[in-house]
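File shown: query09.pdb (PDB, C-alpha atoms).
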```pdb
ATOM      1  CA  MET A   1       0.000   0.000   0.000
ATOM      2  CA  THR A   2       1.361   3.435  -0.926
ATOM      3  CA  GLN A   3       1.781   6.420   1.374
ATOM      4  CA  HIS A   4      -0.934   8.158  -0.622
ATOM      5  CA  GLU A   5      -3.369   5.308  -0.030
ATOM      6  CA  MET A   6      -2.607   5.315   3.706
ATOM      7  CA  ARG A   7      -3.060   9.102   3.807
ATOM      8  CA  ARG A   8      -6.385   8.731   1.971
ATOM      9  CA  ILE A   9      -7.551   6.187   4.569
ATOM     10  CA  ALA A  10      -6.525   8.523   7.403
ATOM     11  CA  MET A  11      -8.355  11.446   5.800
ATOM     12  CA  GLN A  12     -11.508   9.363   5.414
ATOM     13  CA  ALA A  13     -11.233   8.267   9.048
ATOM     14  CA  ILE A  14     -10.878  11.887  10.193
ATOM     15  CA  TYR A  15     -13.896  12.758   8.056
ATOM     16  CA  LEU A  16     -15.882  10.054   9.900
ATOM     17  CA  ALA A  17     -14.568  11.315  13.245
ATOM     18  CA  ASN A  18     -15.586  14.892  12.463
ATOM     19  CA  GLN A  19     -19.060  13.816  11.352
ATOM     20  CA  GLY A  20     -19.710  11.830  14.506
ATOM     21  CA  LYS A  21     -17.731  14.132  16.806
ATOM     22  CA  ILE A  22     -15.693  11.054  17.799
ATOM     23  CA  THR A  23     -12.457  11.810  19.640
ATOM     24  CA  ASP A  24     -11.260   8.286  20.481
ATOM     25  CA  ALA A  25      -8.669   7.290  17.863
ATOM     26  CA  GLU A  26      -9.199   3.562  18.308
ATOM     27  CA  GLU A  27     -12.947   3.932  17.815
ATOM     28  CA  VAL A  28     -12.360   6.073  14.722
ATOM     29  CA  CYS A  29      -9.963   3.527  13.218
ATOM     30  CA  GLN A  30     -12.400   0.677  13.859
ATOM     31  CA  LYS A  31     -15.285   2.632  12.335
ATOM     32  CA  ALA A  32     -13.193   3.473   9.257
ATOM     33  CA  LEU A  33     -11.973  -0.124   8.968
ATOM     34  CA  LYS A  34     -15.565  -1.278   8.727
ATOM     35  CA  ALA A  35     -16.818   1.600   6.542
ATOM     36  CA  LEU A  36     -13.952   1.262   4.061
ATOM     37  CA  GLU A  37     -14.111  -2.540   4.146
ATOM     38  CA  LEU A  38     -10.415  -2.902   4.923
ATOM     39  CA  LYS A  39      -8.663  -6.007   6.200
ATOM     40  CA  ASP A  40      -6.410  -3.994   8.483
ATOM     41  CA  PHE A  41      -5.893  -0.361   9.272
ATOM     42  CA  PRO A  42      -2.385   0.665   8.098
ATOM     43  CA  ASP A  43       0.131   1.789  10.711
ATOM     44  CA  TYR A  44       0.791   5.125   9.015
ATOM     45  CA  SER A  45      -2.954   5.807   8.800
ATOM     46  CA  THR A  46      -3.234   5.020  12.514
ATOM     47  CA  GLU A  47      -0.346   7.384  13.251
ATOM     48  CA  LEU A  48      -2.066  10.179  11.328
ATOM     49  CA  VAL A  49      -5.458   9.591  12.952
ATOM     50  CA  ASN A  50      -3.887   9.520  16.430
ATOM     51  CA  GLY A  51      -1.915  12.686  15.695
ATOM     52  CA  VAL A  52      -4.814  14.650  14.242
ATOM     53  CA  LEU A  53      -7.227  13.693  17.022
ATOM     54  CA  ALA A  54      -4.667  14.356  19.776
ATOM     55  CA  ASN A  55      -3.908  17.781  18.291
ATOM     56  CA  LYS A  56      -7.283  18.645  16.757
ATOM     57  CA  GLU A  57      -7.914  21.733  18.852
ATOM     58  CA  ALA A  58      -4.475  23.199  18.097
ATOM     59  CA  LEU A  59      -4.702  22.300  14.382
ATOM     60  CA  ASP A  60      -8.143  23.881  14.065
ATOM     61  CA  GLU A  61      -6.988  26.976  15.932
ATOM     62  CA  GLN A  62      -4.013  27.371  13.586
ATOM     63  CA  LEU A  63      -6.195  26.894  10.506
ATOM     64  CA  SER A  64      -8.745  29.390  11.838
ATOM     65  CA  LYS A  65      -6.114  32.134  12.000
ATOM     66  CA  TYR A  66      -5.912  32.175   8.202
ATOM     67  CA  LEU A  67      -9.636  32.163   7.412
ATOM     68  CA  LYS A  68     -11.206  35.295   5.999
ATOM     69  CA  LYS A  69     -12.881  37.594   8.492
ATOM     70  CA  GLY A  70     -16.258  36.226   9.509
ATOM     71  CA  TRP A  71     -15.452  32.652   8.464
ATOM     72  CA  ARG A  72     -15.284  29.736  10.875
ATOM     73  CA  LEU A  73     -14.140  26.163  10.395
ATOM     74  CA  ASN A  74     -17.702  24.910  10.809
ATOM     75  CA  ARG A  75     -18.534  26.596   7.465
ATOM     76  CA  ILE A  76     -15.939  24.483   5.655
ATOM     77  CA  ASN A  77     -17.024  21.327   3.853
ATOM     78  CA  GLU A  78     -16.291  18.333   6.131
ATOM     79  CA  ILE A  79     -14.145  16.587   3.506
ATOM     80  CA  ASP A  80     -12.074  19.741   3.040
ATOM     81  CA  LEU A  81     -11.647  20.091   6.790
ATOM     82  CA  ALA A  82     -10.410  16.497   7.060
ATOM     83  CA  ILE A  83      -7.939  17.112   4.215
ATOM     84  CA  LEU A  84      -6.718  20.302   5.919
ATOM     85  CA  GLU A  85      -6.299  18.657   9.325
ATOM     86  CA  VAL A  86      -4.370  15.659   8.006
ATOM     87  CA  ALA A  87      -2.183  17.845   5.799
ATOM     88  CA  LEU A  88      -1.369  20.371   8.517
ATOM     89  CA  TYR A  89      -0.569  17.602  10.987
ATOM     90  CA  GLU A  90       1.771  16.011   8.439
ATOM     91  CA  MET A  91       3.339  19.336   7.524
ATOM     92  CA  GLN A  92       4.205  19.980  11.150
ATOM     93  CA  ASN A  93       4.985  16.499  12.456
ATOM     94  CA  SER A  94       5.829  13.960   9.780
ATOM     95  CA  LYS A  95       9.230  12.362   9.516
ATOM     96  CA  VAL A  96       8.046  10.647   6.322
ATOM     97  CA  ILE A  97       7.172  13.630   4.126
ATOM     98  CA  ASP A  98       8.322  17.248   3.911
ATOM     99  CA  PRO A  99       5.813  20.122   4.215
ATOM    100  CA  VAL A 100       5.688  20.993   0.502
ATOM    101  CA  ALA A 101       5.051  17.350  -0.414
ATOM    102  CA  ALA A 102       2.347  17.143   2.278
ATOM    103  CA  LEU A 103       0.644  20.167   0.737
ATOM    104  CA  ASN A 104       0.832  18.512  -2.690
ATOM    105  CA  GLU A 105      -0.666  15.332  -1.233
ATOM    106  CA  ALA A 106      -3.538  17.395   0.171
ATOM    107  CA  LEU A 107      -4.148  18.782  -3.305
ATOM    108  CA  ASN A 108      -4.156  15.240  -4.713
ATOM    109  CA  LEU A 109      -6.820  14.324  -2.147
ATOM    110  CA  CYS A 110      -8.826  17.340  -3.357
ATOM    111  CA  ASP A 111      -8.680  15.932  -6.879
ATOM    112  CA  GLU A 112     -10.166  12.684  -5.585
ATOM    113  CA  PHE A 113     -12.711  13.951  -3.054
ATOM    114  CA  SER A 114     -13.417  17.634  -3.502
ATOM    115  CA  SER A 115     -13.802  20.449  -6.036
ATOM    116  CA  LYS A 116     -11.514  22.765  -8.011
ATOM    117  CA  GLU A 117     -12.671  25.682  -5.846
ATOM    118  CA  SER A 118     -11.838  23.773  -2.687
ATOM    119  CA  LYS A 119      -8.453  22.838  -4.111
ATOM    120  CA  LYS A 120      -7.601  26.536  -4.558
ATOM    121  CA  PHE A 121      -8.852  27.317  -1.053
ATOM    122  CA  ILE A 122      -6.878  24.462   0.541
ATOM    123  CA  ASN A 123      -3.735  25.366  -1.378
ATOM    124  CA  GLY A 124      -3.986  29.004  -0.278
ATOM    125  CA  LEU A 125      -4.661  28.124   3.348
ATOM    126  CA  LEU A 126      -1.929  25.496   3.689
ATOM    127  CA  ALA A 127       0.611  27.672   1.870
ATOM    128  CA  ASN A 128       0.609  29.864   4.999
ATOM    129  CA  PHE A 129       2.324  27.004   6.847
ATOM    130  CA  ILE A 130       5.217  26.537   4.426
ATOM    131  CA  LYS A 131       8.345  28.055   5.906
ATOM    132  CA  LYS A 132      10.010  30.409   3.502
ATOM    133  CA  ASP A 133      13.776  30.669   3.859
TER     134      ASP A 133
END
```

Represent the supplied structure as structure tokens.
Amino acid sequence: MTQHEMRRIAMQAIYLANQGKITDAEEVCQKALKALELKDFPDYSTELVNGVLANKEALDEQLSKYLKKGWRLNRINEIDLAILEVALYEMQNSKVIDPVAALNEALNLCDEFSSKESKKFINGLLANFIKKD
């Protein structure tokens, strides 16, 4: 299984977690395992789900800082929010992928699950977290 496939599974699990307001990572992974009809839940997907859920408040707070005035995260499409949360967590914490590649992976997930407008929005928002030397 590729890193992209494991990232996709993690994003879908976070989407399920956000829909059901589930904060227990093990419960989220089990729910996603069943919903996605997987044999096992990949280790890297588990790592991402654990990381996003453990840091959800901080991730959402950071993302909120770059929203236009009057916008809140609860106005963002749930798929887009899951993509943003997984990408930002990876950008800040992954030893597997660098921040620019994590942003590009988020855009690939947009191609699969979201719209062209959302892709532009996600790119613009996540670009704020790329360190410029």

The PyMOL selection byres ((chain A and resi 16) around 10) resolved against shown file, as a VMD selection string: chain A and resid 10 to 15 17 to 22 28 to 29 31 to 32 35 78 to 79 82

For the selection just defined, write its residues with C-alpha atoms to a file, as a CSV table (one decimal), keeping the file's coordinate frame.
```csv
chain,number,residue,atom,x,y,z
A,10,ALA,CA,-6.5,8.5,7.4
A,11,MET,CA,-8.4,11.4,5.8
A,12,GLN,CA,-11.5,9.4,5.4
A,13,ALA,CA,-11.2,8.3,9.0
A,14,ILE,CA,-10.9,11.9,10.2
A,15,TYR,CA,-13.9,12.8,8.1
A,17,ALA,CA,-14.6,11.3,13.2
A,18,ASN,CA,-15.6,14.9,12.5
A,19,GLN,CA,-19.1,13.8,11.4
A,20,GLY,CA,-19.7,11.8,14.5
A,21,LYS,CA,-17.7,14.1,16.8
A,22,ILE,CA,-15.7,11.1,17.8
A,28,VAL,CA,-12.4,6.1,14.7
A,29,CYS,CA,-10.0,3.5,13.2
A,31,LYS,CA,-15.3,2.6,12.3
A,32,ALA,CA,-13.2,3.5,9.3
A,35,ALA,CA,-16.8,1.6,6.5
A,78,GLU,CA,-16.3,18.3,6.1
A,79,ILE,CA,-14.1,16.6,3.5
A,82,ALA,CA,-10.4,16.5,7.1
```

Separation of CA of Ile76 in chain A from CA of Ser118 in chain A in Å: 9.3 Å

Residues matched by the PyMOL selection byres ((chain A and resi 8) around 12) as a PyMOL selection string: chain A and resi 1-7+9-15+32+36+41-42+44-46+48-49+79+82-83+86-87+105-113

Interatomic distance, CA of Leu38 in chain A to CA of Glu85 in chain A (Å, one decimal): 22.4 Å

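With distances restricted to all atoms listed in the file, A:Leu126 is the closest residue to Glu90 in chain A from A:Lys69, A:Glu117, A:Asn77, A:Leu126.
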
Distance of CA of Tyr66 in chain A from CA of Asn104 in chain A, expressed in Å to one decimal place: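 CA of Tyr66 in chain A lies at a distance of 18.7 Å from CA of Asn104 in chain A.
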
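Remark: for Gly51 in chain A, the closest of the candidate residues A:Leu33, A:Leu88, A:Leu81, A:Ala101 is A:Leu88 (distances computed over only C-alpha atoms).
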
Explicit residue set for the PyMOL selection byres ((chain A and resi 128) around 12), as a VMD selection string: chain A and resid 62 to 67 88 91 99 to 100 103 121 to 127 129 to 132

Shortest interatomic distance to Ala25 in chain A - which of A:Glu37, A:Asp98, A:Glu47, A:Glu57, counting only C-alpha atoms: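 Going through A:Glu37, A:Asp98, A:Glu47, A:Glu57 one by one, the smallest distance to Ala25 in chain A is for A:Glu47.
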